[in-house]
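Comments concern the structure below.
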Amino acid sequence: MIYSEKEENKDKLQESINYLENKGFENIKADLDGYEKPKSYLKKSTNEFIAPDIVAERAGIKHYFEVGLKSEQKKLLKSKWRFLEVLSRMKEHRFKIITYHGHFRFTNELLKDLNLDKKLIRI
């Protein structure tokens, strides 16, 4: 999800965090009240900050989670997901995408465009 869309989709973000807590994830970081904010990275070409929607740990392995929702800014979303995929591979972390009913097709098409083979978490 793009930063500008986080405010209107706080309920989806909270629902995703509840799902992860039920699955045994710990040290959850998200851009919501009551949670520590995840580390953000500066994209120098556009001077925009990129941060994963949710960062959590399970069994000592860090996981980056993105909430895949329909967006008008596909290019920005694609660059964010590509960056997080590369970052997670470099640091031997995991990158996963959570999607909701009605957003599955959009999310799948973006992943296909990026040539990423991800099994989506459906909520």
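Identifiers in this document derive from the order of the structure tokens: chains are assigned A, B, ..., residues are numbered from 1 separately in each chain, and ligands are numbered from 1 in order of occurrence.
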
* To do: Mind listing the strand (DSSP E or B) residues of chain A, per DSSP on the backbone, as JSON, numbers by chain?
  => {"A": [26, 27, 28, 29, 30, 36, 41, 42, 43, 48, 49, 50, 54, 55, 56, 57, 58, 61, 62, 63, 64, 65, 66, 67, 68, 94, 95, 96, 97, 98, 99, 121, 122]}

* Asked: Which residues, written as a PyMOL selection string, have at least one atom at most 12 Å from Phe65 of chain A, with only C-alpha atoms counted and residues fewer than 3 positions away on the same chain left out?
  -> chain A and resi 1+13+16-17+19-20+25+28-30+38+51-57+62+68+80-81+84-85+88+93-99+118+120-121

Would you list the contacts of His101 of chain A as a compact mmCIF listing (two decimals) with C-alpha atoms, in the first residue's frame, taking every protein, DNA or RNA residue within 8 Å and counting only C-alpha atoms, but skipping same-chain residues closer than 3 positions in sequence?
# COMPACT_ATOMS: atom_id res chain seq x y z
CA PHE A 104 -6.68 -10.37 -5.49
CA ARG A 122 -5.70 -14.10 1.47
CA ILE A 123 -7.78 -12.60 4.23

* Have a look at atom CA of Asp113 of chain A and atom CA of Lys78 of chain A and let me know their distance in Å, one decimal. => 8.5 Å

* May I ask which of the residues A:Asn9, A:Lys119, A:Leu110, A:Gly34 is the closest one to Lys75 of chain A, counting only C-alpha atoms? =>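 Smallest separation from Lys75 of chain A among the options: A:Leu110.
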
* Grab the atom CA of Gly60 of chain A to atom CA of Gly24 of chain A distance for me, in Å with one decimal place. =>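 According to the coordinates, atom CA of Gly60 of chain A and atom CA of Gly24 of chain A are separated by 11.7 Å.
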
* Residue list (alpha helix (DSSP H), DSSP) for segment 7-47 of chain A, as a list in words -> Lys10, Asp11, Lys12, Leu13, Gln14, Glu15, Ser16, Ile17, Asn18, Tyr19, Leu20, Glu21 and Asn22 of chain A

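Of the listed residues (A:Glu7, A:Asn18, A:Leu76, A:Val67), A:Leu76 comes nearest to Lys43 of chain A; the distances count only C-alpha atoms.
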
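When only C-alpha atoms are used to measure the gap to Leu114 of chain A, the shortest distance among A:Tyr100, A:Phe83, A:Lys91, A:Asp11 belongs to A:Phe83.
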